[in-house]
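Next comes input.cif, a file with mmCIF, C-alpha atoms.
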data_my_file
loop_
_atom_site.label_atom_id
_atom_site.label_comp_id
_atom_site.auth_asym_id
_atom_site.auth_seq_id
_atom_site.Cartn_x
_atom_site.Cartn_y
_atom_site.Cartn_z
CA MET A 1 21.56 -66.50 -39.14
CA GLY A 2 23.62 -67.18 -36.07
CA ALA A 3 23.96 -63.72 -34.53
CA GLY A 4 22.21 -62.78 -31.30
CA HIS A 5 18.89 -61.01 -31.46
CA GLY A 6 19.76 -57.99 -29.39
CA HIS A 7 22.46 -55.41 -29.81
CA ARG A 8 24.77 -53.73 -27.38
CA LEU A 9 22.24 -51.22 -26.04
CA PHE A 10 19.19 -53.50 -26.02
CA PHE A 11 17.72 -54.24 -22.59
CA HIS A 12 15.54 -57.34 -22.64
CA GLY A 13 12.06 -56.76 -21.24
CA HIS A 14 8.32 -57.25 -21.74
CA SER A 15 6.95 -53.82 -20.88
CA PRO A 16 4.30 -51.99 -22.96
CA ILE A 17 7.15 -49.83 -24.33
CA HIS A 18 9.04 -52.94 -25.48
CA ARG A 19 5.90 -54.34 -27.10
CA ALA A 20 4.81 -51.09 -28.80
CA PRO A 21 5.18 -51.22 -32.60
CA ALA A 22 8.58 -49.89 -33.65
CA HIS A 23 7.16 -47.45 -36.22
CA TRP A 24 5.10 -45.74 -33.51
CA LYS A 25 8.18 -45.45 -31.35
CA LEU A 26 10.18 -43.97 -34.24
CA VAL A 27 7.48 -41.41 -35.06
CA ALA A 28 7.06 -40.58 -31.37
CA LEU A 29 10.82 -40.10 -30.95
CA LEU A 30 11.07 -37.83 -34.00
CA ALA A 31 7.99 -35.76 -33.03
CA PHE A 32 9.19 -35.46 -29.44
CA MET A 33 12.68 -34.35 -30.47
CA LEU A 34 11.40 -31.85 -33.05
CA THR A 35 9.23 -30.31 -30.33
CA VAL A 36 12.22 -30.18 -27.98
CA VAL A 37 14.48 -28.62 -30.62
CA ALA A 38 11.85 -26.01 -31.54
CA THR A 39 11.41 -24.92 -27.89
CA PRO A 40 13.11 -21.57 -27.10
CA HIS A 41 16.08 -21.79 -24.72
CA HIS A 42 14.49 -19.84 -21.88
CA TRP A 43 11.28 -21.92 -21.49
CA TYR A 44 12.78 -23.71 -18.51
CA ALA A 45 9.45 -25.19 -17.35
CA ALA A 46 8.89 -26.85 -20.74
CA PHE A 47 12.23 -28.69 -20.48
CA GLY A 48 11.21 -29.91 -17.02
CA GLY A 49 7.98 -31.24 -18.56
CA TYR A 50 9.89 -33.00 -21.37
CA ALA A 51 12.22 -34.61 -18.83
CA LEU A 52 9.21 -35.78 -16.81
CA VAL A 53 7.67 -37.38 -19.94
CA LEU A 54 10.96 -39.16 -20.70
CA VAL A 55 11.42 -40.44 -17.14
CA THR A 56 7.83 -41.72 -17.11
CA VAL A 57 8.46 -43.60 -20.37
CA ILE A 58 11.71 -45.09 -19.00
CA LEU A 59 10.02 -46.14 -15.74
CA THR A 60 7.17 -47.75 -17.72
CA SER A 61 9.71 -49.65 -19.84
CA ARG A 62 11.33 -50.97 -16.61
CA VAL A 63 14.79 -50.27 -18.00
CA PRO A 64 16.85 -49.25 -14.93
CA LEU A 65 17.59 -45.52 -14.94
CA LEU A 66 21.20 -46.33 -14.09
CA TYR A 67 21.43 -48.43 -17.27
CA ILE A 68 20.49 -45.35 -19.33
CA ALA A 69 22.64 -43.01 -17.21
CA ARG A 70 25.75 -45.12 -17.69
CA ARG A 71 25.37 -45.01 -21.46
CA MET A 72 25.10 -41.24 -21.58
CA VAL A 73 28.91 -40.94 -21.95
CA VAL A 74 28.42 -40.36 -25.70
CA GLU A 75 27.33 -36.86 -24.73
CA VAL A 76 30.58 -35.89 -22.97
CA PRO A 77 32.16 -33.95 -25.91
CA PHE A 78 29.10 -31.69 -26.14
CA VAL A 79 29.17 -30.98 -22.41
CA PHE A 80 32.67 -29.58 -22.93
CA PHE A 81 31.38 -27.36 -25.70
CA ALA A 82 28.40 -26.21 -23.62
CA VAL A 83 30.70 -25.32 -20.70
CA LEU A 84 32.88 -23.33 -23.08
CA MET A 85 29.98 -21.45 -24.68
CA PRO A 86 29.31 -18.76 -22.01
CA PHE A 87 32.95 -17.68 -22.23
CA ILE A 88 33.20 -17.30 -26.00
CA ALA A 89 29.65 -16.07 -26.75
CA THR A 90 28.84 -12.46 -27.58
CA GLY A 91 26.33 -10.19 -25.80
CA PRO A 92 26.12 -8.42 -22.42
CA ARG A 93 28.39 -9.88 -19.75
CA ILE A 94 27.31 -10.77 -16.26
CA ASP A 95 29.28 -11.97 -13.25
CA VAL A 96 28.68 -15.52 -12.06
CA LEU A 97 30.76 -16.54 -9.06
CA GLY A 98 33.16 -13.72 -9.85
CA VAL A 99 33.73 -14.83 -13.46
CA SER A 100 32.53 -12.63 -16.31
CA VAL A 101 30.42 -14.63 -18.76
CA SER A 102 28.07 -13.75 -21.61
CA GLU A 103 24.43 -13.83 -20.51
CA PRO A 104 22.89 -15.02 -23.80
CA GLY A 105 25.74 -17.52 -24.02
CA LEU A 106 24.84 -18.91 -20.61
CA VAL A 107 21.16 -19.26 -21.57
CA ALA A 108 22.09 -20.86 -24.91
CA ALA A 109 24.49 -23.26 -23.21
CA GLY A 110 21.80 -24.30 -20.74
CA GLY A 111 19.22 -24.78 -23.49
CA PHE A 112 21.66 -26.64 -25.71
CA LEU A 113 22.70 -28.92 -22.88
CA ALA A 114 19.05 -29.63 -22.00
CA LYS A 115 18.15 -30.41 -25.63
CA ALA A 116 21.21 -32.57 -26.27
CA THR A 117 20.62 -34.50 -23.02
CA LEU A 118 16.94 -35.06 -23.82
CA GLY A 119 17.98 -36.21 -27.30
CA VAL A 120 20.54 -38.70 -25.99
CA VAL A 121 18.19 -40.09 -23.32
CA ALA A 122 15.27 -40.38 -25.78
CA SER A 123 17.46 -42.17 -28.37
CA LEU A 124 18.88 -44.46 -25.67
CA THR A 125 15.35 -45.35 -24.60
CA LEU A 126 14.44 -46.30 -28.17
CA ALA A 127 17.62 -48.36 -28.51
CA ALA A 128 17.14 -50.05 -25.14
CA THR A 129 13.55 -51.10 -25.85
CA THR A 130 13.63 -51.99 -29.57
CA GLU A 131 15.24 -55.02 -31.15
CA PRO A 132 17.04 -54.31 -34.44
CA VAL A 133 14.68 -56.62 -36.36
CA ASP A 134 11.66 -54.67 -35.12
CA LEU A 135 13.40 -51.39 -35.88
CA LEU A 136 14.02 -52.48 -39.47
CA ARG A 137 10.41 -53.59 -39.80
CA GLY A 138 9.30 -50.23 -38.39
CA LEU A 139 11.45 -48.31 -40.87
CA ARG A 140 9.99 -50.37 -43.72
CA THR A 141 6.46 -49.60 -42.49
CA LEU A 142 7.40 -45.92 -42.52
CA ARG A 143 8.23 -46.28 -46.24
CA MET A 144 11.98 -46.08 -45.89
CA PRO A 145 13.31 -47.28 -49.31
CA ASP A 146 13.74 -51.08 -49.41
CA GLN A 147 17.39 -50.79 -50.43
CA ILE A 148 18.29 -48.64 -47.44
CA VAL A 149 16.53 -51.06 -45.09
CA SER A 150 18.34 -54.05 -46.59
CA ILE A 151 21.73 -52.31 -46.47
CA MET A 152 21.00 -51.46 -42.85
CA SER A 153 19.98 -55.04 -42.07
CA PHE A 154 23.25 -56.32 -43.53
CA MET A 155 25.19 -53.78 -41.55
CA ILE A 156 23.45 -54.76 -38.30
CA ARG A 157 23.88 -58.46 -39.09
CA TYR A 158 27.62 -58.23 -39.77
CA LEU A 159 28.49 -55.43 -37.34
CA ASP A 160 29.77 -57.75 -34.63
CA VAL A 161 31.41 -60.11 -37.13
CA VAL A 162 33.48 -57.33 -38.72
CA THR A 163 34.28 -55.39 -35.54
CA ASP A 164 35.35 -58.63 -33.86
CA GLU A 165 37.53 -59.40 -36.87
CA LEU A 166 39.20 -56.00 -36.46
CA ARG A 167 39.54 -56.57 -32.71
CA ARG A 168 41.32 -59.88 -33.31
CA MET A 169 43.67 -58.24 -35.80
CA VAL A 170 44.45 -55.40 -33.37
CA THR A 171 45.03 -57.92 -30.56
CA GLY A 172 47.43 -59.70 -32.90
CA MET A 173 49.24 -56.42 -33.59
CA ARG A 174 49.45 -55.57 -29.88
CA SER A 175 50.82 -58.98 -28.98
CA ARG A 176 53.61 -58.39 -31.48
CA GLY A 177 54.61 -55.14 -29.83
CA CYS A 178 52.76 -52.75 -32.08
CA ASP A 179 50.72 -49.82 -30.74
CA PRO A 180 47.85 -49.04 -33.15
CA ARG A 181 47.36 -45.57 -31.64
CA SER A 182 50.88 -44.38 -32.34
CA PRO A 183 51.45 -42.69 -35.72
CA ARG A 184 54.75 -44.60 -35.91
CA HIS A 185 52.75 -47.77 -36.46
CA TRP A 186 50.18 -46.32 -38.85
CA PRO A 187 51.53 -48.20 -41.88
CA MET A 188 50.91 -51.45 -40.00
CA LEU A 189 47.46 -50.30 -38.94
CA ALA A 190 46.64 -49.25 -42.49
CA ARG A 191 47.59 -52.66 -43.87
CA THR A 192 45.29 -54.16 -41.25
CA LEU A 193 42.43 -51.90 -42.36
CA GLY A 194 43.18 -52.69 -46.00
CA ALA A 195 43.00 -56.40 -45.21
CA LEU A 196 39.77 -55.78 -43.30
CA PHE A 197 38.27 -54.02 -46.33
CA ILE A 198 39.21 -56.89 -48.64
CA ARG A 199 37.80 -59.43 -46.17
CA SER A 200 34.57 -57.43 -45.75
CA TYR A 201 34.14 -56.99 -49.51
CA GLU A 202 34.80 -60.65 -50.19
CA ARG A 203 32.39 -61.58 -47.41
CA GLY A 204 29.80 -59.41 -49.17
CA GLU A 205 30.45 -61.26 -52.44
CA ARG A 206 30.12 -64.64 -50.71
CA VAL A 207 26.91 -63.56 -48.98
CA HIS A 208 25.53 -62.38 -52.32
CA LEU A 209 26.35 -65.68 -54.01
CA ALA A 210 24.82 -67.59 -51.12
CA MET A 211 21.68 -65.49 -51.44
CA LEU A 212 21.51 -66.05 -55.21
CA SER A 213 21.77 -69.78 -54.69
CA ARG A 214 18.75 -69.56 -52.38
CA GLY A 215 16.63 -67.75 -54.94
CA TYR A 216 17.37 -64.06 -54.22
CA ASP A 217 16.06 -61.89 -57.06
CA GLY A 218 17.05 -58.43 -55.86
CA ARG A 219 14.34 -58.11 -53.20
CA MET A 220 14.35 -59.29 -49.63
CA PRO A 221 11.37 -61.53 -48.79
CA MET B 1 32.09 -35.71 -34.38
CA HIS B 2 28.34 -35.90 -34.70
CA VAL B 3 26.06 -32.88 -34.43
CA PRO B 4 23.68 -33.45 -31.47
CA ASP B 5 20.03 -32.44 -31.09
CA GLY B 6 19.42 -28.78 -30.40
CA PHE B 7 22.62 -27.45 -31.93
CA LEU B 8 20.87 -26.08 -34.99
CA ASP B 9 17.29 -24.77 -34.94
CA ALA B 10 14.31 -26.80 -36.15
CA PRO B 11 13.90 -25.19 -39.65
CA THR B 12 17.58 -25.75 -40.47
CA SER B 13 17.39 -29.35 -39.19
CA ILE B 14 14.34 -30.05 -41.38
CA ALA B 15 15.92 -28.35 -44.41
CA THR B 16 19.12 -30.41 -44.10
CA GLY B 17 16.90 -33.48 -43.67
CA VAL B 18 15.33 -32.76 -47.06
CA VAL B 19 18.77 -32.22 -48.63
CA ALA B 20 19.98 -35.50 -47.09
CA ALA B 21 16.93 -37.43 -48.34
CA ALA B 22 17.43 -36.07 -51.87
CA GLY B 23 21.15 -36.88 -51.76
CA VAL B 24 20.53 -40.43 -50.57
CA ALA B 25 17.89 -40.91 -53.31
CA VAL B 26 20.45 -39.87 -55.96
CA ALA B 27 23.06 -42.12 -54.34
CA LEU B 28 20.65 -45.08 -54.43
CA ARG B 29 20.26 -44.73 -58.19
CA GLY B 30 24.00 -44.26 -58.72
CA ALA B 31 25.02 -47.14 -56.46
CA ARG B 32 23.03 -49.56 -58.59
CA LYS B 33 25.37 -48.66 -61.44
CA GLU B 34 28.46 -49.17 -59.28
CA LEU B 35 27.39 -52.45 -57.68
CA ASP B 36 24.39 -53.71 -59.78
CA ASP B 37 22.27 -56.30 -57.96
CA ARG B 38 24.97 -56.85 -55.39
CA THR B 39 24.17 -53.42 -53.88
CA ALA B 40 22.50 -54.58 -50.67
CA PRO B 41 25.06 -57.12 -49.36
CA LEU B 42 28.13 -55.25 -50.62
CA ALA B 43 27.07 -51.77 -49.49
CA GLY B 44 26.04 -53.32 -46.18
CA LEU B 45 29.47 -54.83 -45.65
CA VAL B 46 31.31 -51.71 -46.83
CA ALA B 47 29.15 -49.74 -44.33
CA THR B 48 30.18 -52.19 -41.61
CA PHE B 49 33.81 -51.73 -42.64
CA VAL B 50 33.47 -47.93 -42.44
CA PHE B 51 31.94 -48.31 -38.99
CA ALA B 52 34.81 -50.54 -37.87
CA ALA B 53 37.39 -48.15 -39.35
CA GLN B 54 35.80 -45.28 -37.41
CA MET B 55 36.64 -47.12 -34.19
CA ILE B 56 40.33 -46.42 -34.84
CA ASN B 57 41.32 -43.39 -32.79
CA PHE B 58 44.39 -41.32 -33.43
CA PRO B 59 45.88 -38.69 -31.14
CA VAL B 60 45.31 -35.04 -32.13
CA ALA B 61 46.86 -32.03 -30.38
CA GLY B 62 46.49 -31.60 -26.62
CA GLY B 63 45.72 -35.11 -25.49
CA THR B 64 42.45 -35.32 -27.40
CA SER B 65 41.84 -37.81 -30.15
CA GLY B 66 40.00 -37.83 -33.43
CA HIS B 67 38.77 -40.74 -35.42
CA LEU B 68 38.65 -41.58 -39.07
CA LEU B 69 35.55 -40.30 -40.90
CA GLY B 70 36.16 -42.65 -43.79
CA GLY B 71 34.23 -40.72 -46.44
CA VAL B 72 37.05 -40.46 -48.97
CA LEU B 73 38.29 -43.93 -48.05
CA ALA B 74 34.89 -45.43 -48.87
CA ALA B 75 34.55 -43.33 -52.04
CA VAL B 76 37.93 -44.35 -53.46
CA LEU B 77 37.48 -48.01 -52.51
CA ALA B 78 33.82 -48.55 -53.41
CA GLY B 79 32.73 -45.58 -55.52
CA PRO B 80 31.21 -42.21 -54.56
CA PHE B 81 27.53 -43.20 -54.68
CA THR B 82 28.11 -46.32 -52.61
CA ALA B 83 30.15 -44.23 -50.18
CA VAL B 84 27.30 -41.71 -49.67
CA LEU B 85 24.94 -44.63 -49.11
CA CYS B 86 27.29 -46.39 -46.70
CA LEU B 87 28.03 -43.32 -44.59
CA SER B 88 24.32 -42.45 -44.44
CA VAL B 89 23.44 -45.94 -43.24
CA VAL B 90 26.28 -45.83 -40.69
CA LEU B 91 24.94 -42.51 -39.35
CA LEU B 92 21.38 -43.88 -39.30
CA VAL B 93 22.41 -46.94 -37.32
CA GLN B 94 24.51 -44.80 -34.97
CA ALA B 95 21.59 -42.42 -34.34
CA LEU B 96 18.93 -45.10 -33.83
CA LEU B 97 20.83 -47.90 -32.12
CA MET B 98 23.73 -46.14 -30.43
CA ALA B 99 22.31 -42.71 -29.53
CA ASP B 100 25.32 -41.19 -31.31
CA GLY B 101 24.23 -37.98 -33.07
CA GLY B 102 20.73 -36.60 -32.57
CA VAL B 103 17.69 -37.92 -34.41
CA THR B 104 16.69 -34.43 -35.53
CA ALA B 105 20.31 -33.74 -36.49
CA LEU B 106 20.48 -36.90 -38.63
CA GLY B 107 19.80 -34.90 -41.81
CA THR B 108 22.54 -32.44 -40.87
CA ASN B 109 25.00 -35.23 -40.13
CA ILE B 110 24.23 -37.06 -43.38
CA THR B 111 24.50 -33.82 -45.37
CA LEU B 112 27.83 -32.87 -43.80
CA MET B 113 29.69 -36.16 -43.44
CA GLY B 114 27.88 -38.26 -46.01
CA ILE B 115 27.23 -35.86 -48.87
CA VAL B 116 29.55 -32.83 -48.55
CA GLY B 117 32.50 -34.87 -47.25
CA VAL B 118 32.25 -37.58 -49.89
CA VAL B 119 31.35 -35.39 -52.90
CA ALA B 120 34.03 -32.80 -52.17
CA GLY B 121 36.58 -35.54 -51.55
CA TRP B 122 35.65 -37.43 -54.72
CA LEU B 123 35.83 -34.30 -56.92
CA VAL B 124 39.27 -33.46 -55.52
CA PHE B 125 40.35 -37.07 -55.98
CA ARG B 126 39.34 -37.12 -59.65
CA GLY B 127 40.82 -33.66 -60.17
CA VAL B 128 44.19 -34.60 -58.69
CA LEU B 129 44.22 -37.93 -60.49
CA SER B 130 43.65 -36.26 -63.86
CA VAL B 131 46.79 -34.11 -63.40
CA LEU B 132 49.03 -36.88 -62.12
CA PRO B 133 50.58 -39.45 -64.45
CA LYS B 134 48.23 -42.33 -65.20
CA ARG B 135 49.78 -44.85 -62.91
CA ARG B 136 48.38 -47.05 -60.18
CA SER B 137 50.85 -45.74 -57.61
CA MET B 138 49.25 -42.29 -57.96
CA VAL B 139 45.90 -43.39 -56.50
CA ALA B 140 47.04 -43.28 -52.87
CA PRO B 141 48.54 -39.74 -53.00
CA ALA B 142 45.41 -38.47 -54.76
CA ALA B 143 43.28 -40.04 -52.02
CA ALA B 144 45.45 -38.32 -49.41
CA VAL B 145 44.89 -34.88 -50.96
CA ALA B 146 41.17 -35.61 -51.24
CA ALA B 147 40.92 -36.66 -47.58
CA LEU B 148 42.92 -33.62 -46.49
CA VAL B 149 40.50 -31.30 -48.34
CA SER B 150 37.30 -33.18 -47.55
CA VAL B 151 37.42 -32.97 -43.74
CA PRO B 152 37.85 -29.16 -43.49
CA THR B 153 35.28 -28.74 -46.29
CA ALA B 154 32.71 -30.57 -44.16
CA ALA B 155 33.70 -28.32 -41.24
CA LEU B 156 33.23 -25.29 -43.52
CA ALA B 157 29.75 -26.51 -44.47
CA PHE B 158 28.97 -26.95 -40.80
CA THR B 159 30.01 -23.36 -40.12
CA ALA B 160 27.71 -22.17 -42.92
CA LEU B 161 24.81 -24.08 -41.35
CA PHE B 162 25.72 -22.64 -37.97
CA VAL B 163 25.55 -19.10 -39.37
CA ILE B 164 22.11 -19.85 -40.85
CA GLY B 165 20.54 -21.82 -38.03
CA GLY B 166 22.88 -21.87 -35.04
CA THR B 167 21.24 -21.56 -31.64
CA ALA B 168 24.26 -20.19 -29.81
CA PRO B 169 25.19 -16.50 -29.96
CA VAL B 170 28.81 -17.18 -30.83
CA ASP B 171 30.72 -15.01 -33.29
CA SER B 172 30.70 -16.92 -36.59
CA GLY B 173 34.28 -15.86 -37.33
CA LYS B 174 35.43 -17.63 -34.16
CA VAL B 175 33.43 -20.72 -35.06
CA LEU B 176 34.97 -20.73 -38.54
CA VAL B 177 38.54 -20.46 -37.25
CA ALA B 178 37.99 -23.08 -34.52
CA MET B 179 36.14 -25.58 -36.71
CA VAL B 180 38.34 -25.33 -39.78
CA GLY B 181 41.58 -25.13 -37.79
CA TRP B 182 40.69 -28.18 -35.75
CA HIS B 183 39.55 -30.15 -38.76
CA VAL B 184 42.69 -29.39 -40.76
CA VAL B 185 44.57 -31.21 -37.99
CA ILE B 186 42.10 -34.12 -38.10
CA GLY B 187 42.29 -33.98 -41.92
CA ILE B 188 46.05 -34.61 -41.80
CA GLY B 189 45.52 -37.79 -39.79
CA GLU B 190 42.66 -38.77 -42.08
CA ALA B 191 44.84 -38.12 -45.17
CA VAL B 192 47.75 -40.23 -43.95
CA ILE B 193 45.58 -43.18 -42.89
CA THR B 194 43.39 -43.01 -46.02
CA ALA B 195 46.44 -42.99 -48.30
CA LEU B 196 48.08 -45.88 -46.46
CA VAL B 197 44.91 -48.00 -46.52
CA VAL B 198 44.21 -47.26 -50.19
CA GLY B 199 47.86 -47.98 -50.97
CA SER B 200 47.72 -51.35 -49.26
CA VAL B 201 44.53 -52.39 -51.09
CA VAL B 202 45.90 -51.15 -54.45
CA ALA B 203 49.00 -53.26 -53.85
CA SER B 204 47.11 -56.47 -53.13
CA ARG B 205 43.71 -56.25 -54.86
CA PRO B 206 43.74 -53.32 -57.32
CA ASP B 207 40.60 -54.70 -58.98
CA LEU B 208 38.60 -53.91 -55.83
CA VAL B 209 39.61 -50.24 -55.75
CA TYR B 210 36.92 -48.30 -57.61
CA GLY B 211 39.13 -45.24 -58.00
CA ALA B 212 41.90 -47.28 -59.66
CA ARG B 213 39.73 -49.39 -61.93
CA HIS B 214 40.15 -47.16 -64.98
CA LEU B 215 43.92 -47.35 -64.56
CA LEU B 216 44.10 -51.10 -64.78
CA ALA B 217 45.44 -52.05 -68.17
CA ASP B 218 42.81 -53.57 -70.44
CA ARG B 219 44.02 -57.09 -70.35
CA GLU B 220 42.41 -59.14 -73.03
CA LEU B 221 41.90 -62.82 -72.77
CA GLU B 222 44.61 -64.44 -74.76
CA ILE B 223 44.09 -67.98 -75.95
CA ARG B 224 47.34 -69.70 -76.74
CA LYS B 225 47.44 -72.79 -78.80
CA ALA B 226 49.45 -75.61 -77.37
CA VAL B 227 52.13 -76.71 -79.73
CA ALA B 228 51.45 -80.29 -80.58
#

Any chance you could put this one into structure tokens?
Amino acid sequence: MGAGHGHRLFFHGHSPIHRAPAHWKLVALLAFMLTVVATPHHWYAAFGGYALVLVTVILTSRVPLLYIARRMVVEVPFVFFAVLMPFIATGPRIDVLGVSVSEPGLVAAGGFLAKATLGVVASLTLAATTEPVDLLRGLRTLRMPDQIVSIMSFMIRYLDVVTDELRRMVTGMRSRGCDPRSPRHWPMLARTLGALFIRSYERGERVHLAMLSRGYDGRMP
Amino acid sequence: MHVPDGFLDAPTSIATGVVAAAGVAVALRGARKELDDRTAPLAGLVATFVFAAQMINFPVAGGTSGHLLGGVLAAVLAGPFTAVLCLSVVLLVQALLMADGGVTALGTNITLMGIVGVVAGWLVFRGVLSVLPKRRSMVAPAAAVAALVSVPTAALAFTALFVIGGTAPVDSGKVLVAMVGWHVVIGIGEAVITALVVGSVVASRPDLVYGARHLLADRELEIRKAVA
């Protein structure tokens, strides 16, 4: 297969974290995050400890902290919600900087923000240090059903092919004076997506035939 | 939008994880009927298509934007079981490789967007289709209604989970109004785009549209003898 080995978040390296078996990393991530989620909001020291553990892991992996920090933008919508929470929450009100906010809301917002941030950073660390092939192998070791793992492997394999196909189509639309964001041009956009579906489905059929001709019997080797 | 880590408490997250695992197991069995031994490559490529379709943003009120969820779109095009499978795999890949949606909230996200969104949408789709005249042109409007209902239904399910296991002391009535109100607006965009996409595929390759397959006339192979 001609696609690259990494994916968009992968950071090439040879640290112990990179070399660790993927199934250990997956279990560690899940255990870590369950612990974080189960921690009460007001155990501030515990969150500091969790952050310290995460930073140690990132430093060991030699992935630059800035690399992780820059990719934390996925969290932005939740920051908005967390900022909003003290104002809409119930409970006794207190004054912070002359603004009346709900005290339990403020604590919950802080805890929620801490947990969501730890979650994003921990997931980013896994993504930055694990190649998709290893991740799939790890999931299989953890007894994820074969079918799910193979569907996932096809998705990862063709992700860039299909998204690039869409990008080319959208570039084509733009160069013909069409704005895919505007509802006025939705019919055009929809035809593009329809064509993309047909192309993806037919690609799936071709891939299946190619696999059959190489001896595929319903199981991946 | 994906539920992040820490939004719902640990017991609720684990419970939704169990529900999601059971749902995906059922979908795995069902998808084999929809796609037979082609399941892996075809579901993989439909999942990739759903992922690509989710990259399309459309403007919602107030300068913000929403994106397609694609649950009903996938269900009508590829069948409900395949759709549950595809959306679950998309969410799995997003959580593990793109840090989008928390790992502990994966079960919640699969339950809401994968299972509730698709199943509710599919039931509405079949319901609407059974009332409308049996014509191919009716598939797209039925898909629109299904998409319009499915998005706020998922938001409603989220509100229910929030009442059970929410970690923020916010009045659940407010959450309900905000979530459902917001998602009705997103649902309108979802409905229009879903209907247009389904319409375009029905027009060019109706045999690929799972939701229209039973409407295709049974065309029998006709062998004509050449007149000598």

Query raised in the report: Nearest to chain A among B:Val201, B:Ala83, B:Ala154, B:Ile188, with distances taken over all atoms listed in the file: which residue is it?
Result: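 Nearest to chain A: B:Val201.
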
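Of the residues listed (B:His67, B:Leu73, B:Val89, B:Val185), B:Val89 shows the shortest atom-to-atom separation from A:Met144; distances use only C-alpha atoms.
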
Using all atoms listed in the file, find each residue in stretch 67-155 of chain A having at least one atom no more than 8 Å away from stretch 170-180 of chain B; report its shortest atom-to-atom pair and that distance in Å (one decimal), rows by chain then rising number, as a Markdown table.
| residue | atom | partner | partner_atom | distance |
| --- | --- | --- | --- | --- |
| A:Met85 | CA | B:Val170 | CA | 7.6 |
| A:Ile88 | CA | B:Val170 | CA | 6.5 |
| A:Ala89 | CA | B:Val170 | CA | 4.3 |
| A:Thr90 | CA | B:Val170 | CA | 5.7 |
| A:Gly105 | CA | B:Val170 | CA | 7.5 |

Report task. For the file shown, report as an MDAnalysis selection string the outcome of the PyMOL selection byres ((chain B) within 7 of (chain A)) at residue level. Result -> chainID B and resid 4:7 9:10 37:38 40:49 52:53 57:58 89 96:100 102:104 167:171 193 196:198 200:201

For the residues in the current selection, export C-alpha atoms as a PDB file, in the frame of the given file.
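The result, written out as out-v6.pdb:
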ATOM      1  CA  PRO B   4      23.680 -33.450 -31.470  1.00  0.00           C
ATOM      2  CA  ASP B   5      20.030 -32.440 -31.090  1.00  0.00           C
ATOM      3  CA  GLY B   6      19.420 -28.780 -30.400  1.00  0.00           C
ATOM      4  CA  PHE B   7      22.620 -27.450 -31.930  1.00  0.00           C
ATOM      5  CA  ASP B   9      17.290 -24.770 -34.940  1.00  0.00           C
ATOM      6  CA  ALA B  10      14.310 -26.800 -36.150  1.00  0.00           C
ATOM      7  CA  ASP B  37      22.270 -56.300 -57.960  1.00  0.00           C
ATOM      8  CA  ARG B  38      24.970 -56.850 -55.390  1.00  0.00           C
ATOM      9  CA  ALA B  40      22.500 -54.580 -50.670  1.00  0.00           C
ATOM     10  CA  PRO B  41      25.060 -57.120 -49.360  1.00  0.00           C
ATOM     11  CA  LEU B  42      28.130 -55.250 -50.620  1.00  0.00           C
ATOM     12  CA  ALA B  43      27.070 -51.770 -49.490  1.00  0.00           C
ATOM     13  CA  GLY B  44      26.040 -53.320 -46.180  1.00  0.00           C
ATOM     14  CA  LEU B  45      29.470 -54.830 -45.650  1.00  0.00           C
ATOM     15  CA  VAL B  46      31.310 -51.710 -46.830  1.00  0.00           C
ATOM     16  CA  ALA B  47      29.150 -49.740 -44.330  1.00  0.00           C
ATOM     17  CA  THR B  48      30.180 -52.190 -41.610  1.00  0.00           C
ATOM     18  CA  PHE B  49      33.810 -51.730 -42.640  1.00  0.00           C
ATOM     19  CA  ALA B  52      34.810 -50.540 -37.870  1.00  0.00           C
ATOM     20  CA  ALA B  53      37.390 -48.150 -39.350  1.00  0.00           C
ATOM     21  CA  ASN B  57      41.320 -43.390 -32.790  1.00  0.00           C
ATOM     22  CA  PHE B  58      44.390 -41.320 -33.430  1.00  0.00           C
ATOM     23  CA  VAL B  89      23.440 -45.940 -43.240  1.00  0.00           C
ATOM     24  CA  LEU B  96      18.930 -45.100 -33.830  1.00  0.00           C
ATOM     25  CA  LEU B  97      20.830 -47.900 -32.120  1.00  0.00           C
ATOM     26  CA  MET B  98      23.730 -46.140 -30.430  1.00  0.00           C
ATOM     27  CA  ALA B  99      22.310 -42.710 -29.530  1.00  0.00           C
ATOM     28  CA  ASP B 100      25.320 -41.190 -31.310  1.00  0.00           C
ATOM     29  CA  GLY B 102      20.730 -36.600 -32.570  1.00  0.00           C
ATOM     30  CA  VAL B 103      17.690 -37.920 -34.410  1.00  0.00           C
ATOM     31  CA  THR B 104      16.690 -34.430 -35.530  1.00  0.00           C
ATOM     32  CA  THR B 167      21.240 -21.560 -31.640  1.00  0.00           C
ATOM     33  CA  ALA B 168      24.260 -20.190 -29.810  1.00  0.00           C
ATOM     34  CA  PRO B 169      25.190 -16.500 -29.960  1.00  0.00           C
ATOM     35  CA  VAL B 170      28.810 -17.180 -30.830  1.00  0.00           C
ATOM     36  CA  ASP B 171      30.720 -15.010 -33.290  1.00  0.00           C
ATOM     37  CA  ILE B 193      45.580 -43.180 -42.890  1.00  0.00           C
ATOM     38  CA  LEU B 196      48.080 -45.880 -46.460  1.00  0.00           C
ATOM     39  CA  VAL B 197      44.910 -48.000 -46.520  1.00  0.00           C
ATOM     40  CA  VAL B 198      44.210 -47.260 -50.190  1.00  0.00           C
ATOM     41  CA  SER B 200      47.720 -51.350 -49.260  1.00  0.00           C
ATOM     42  CA  VAL B 201      44.530 -52.390 -51.090  1.00  0.00           C
TER      43      VAL B 201
END

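Against the coordinates shown, the PyMOL selection byres ((chain B and resi 203-212) around 6) returns Val76, Leu77, Ala78, Gly79, Ser200, Val201, Val202, Arg213, His214 and Leu215 of chain B.
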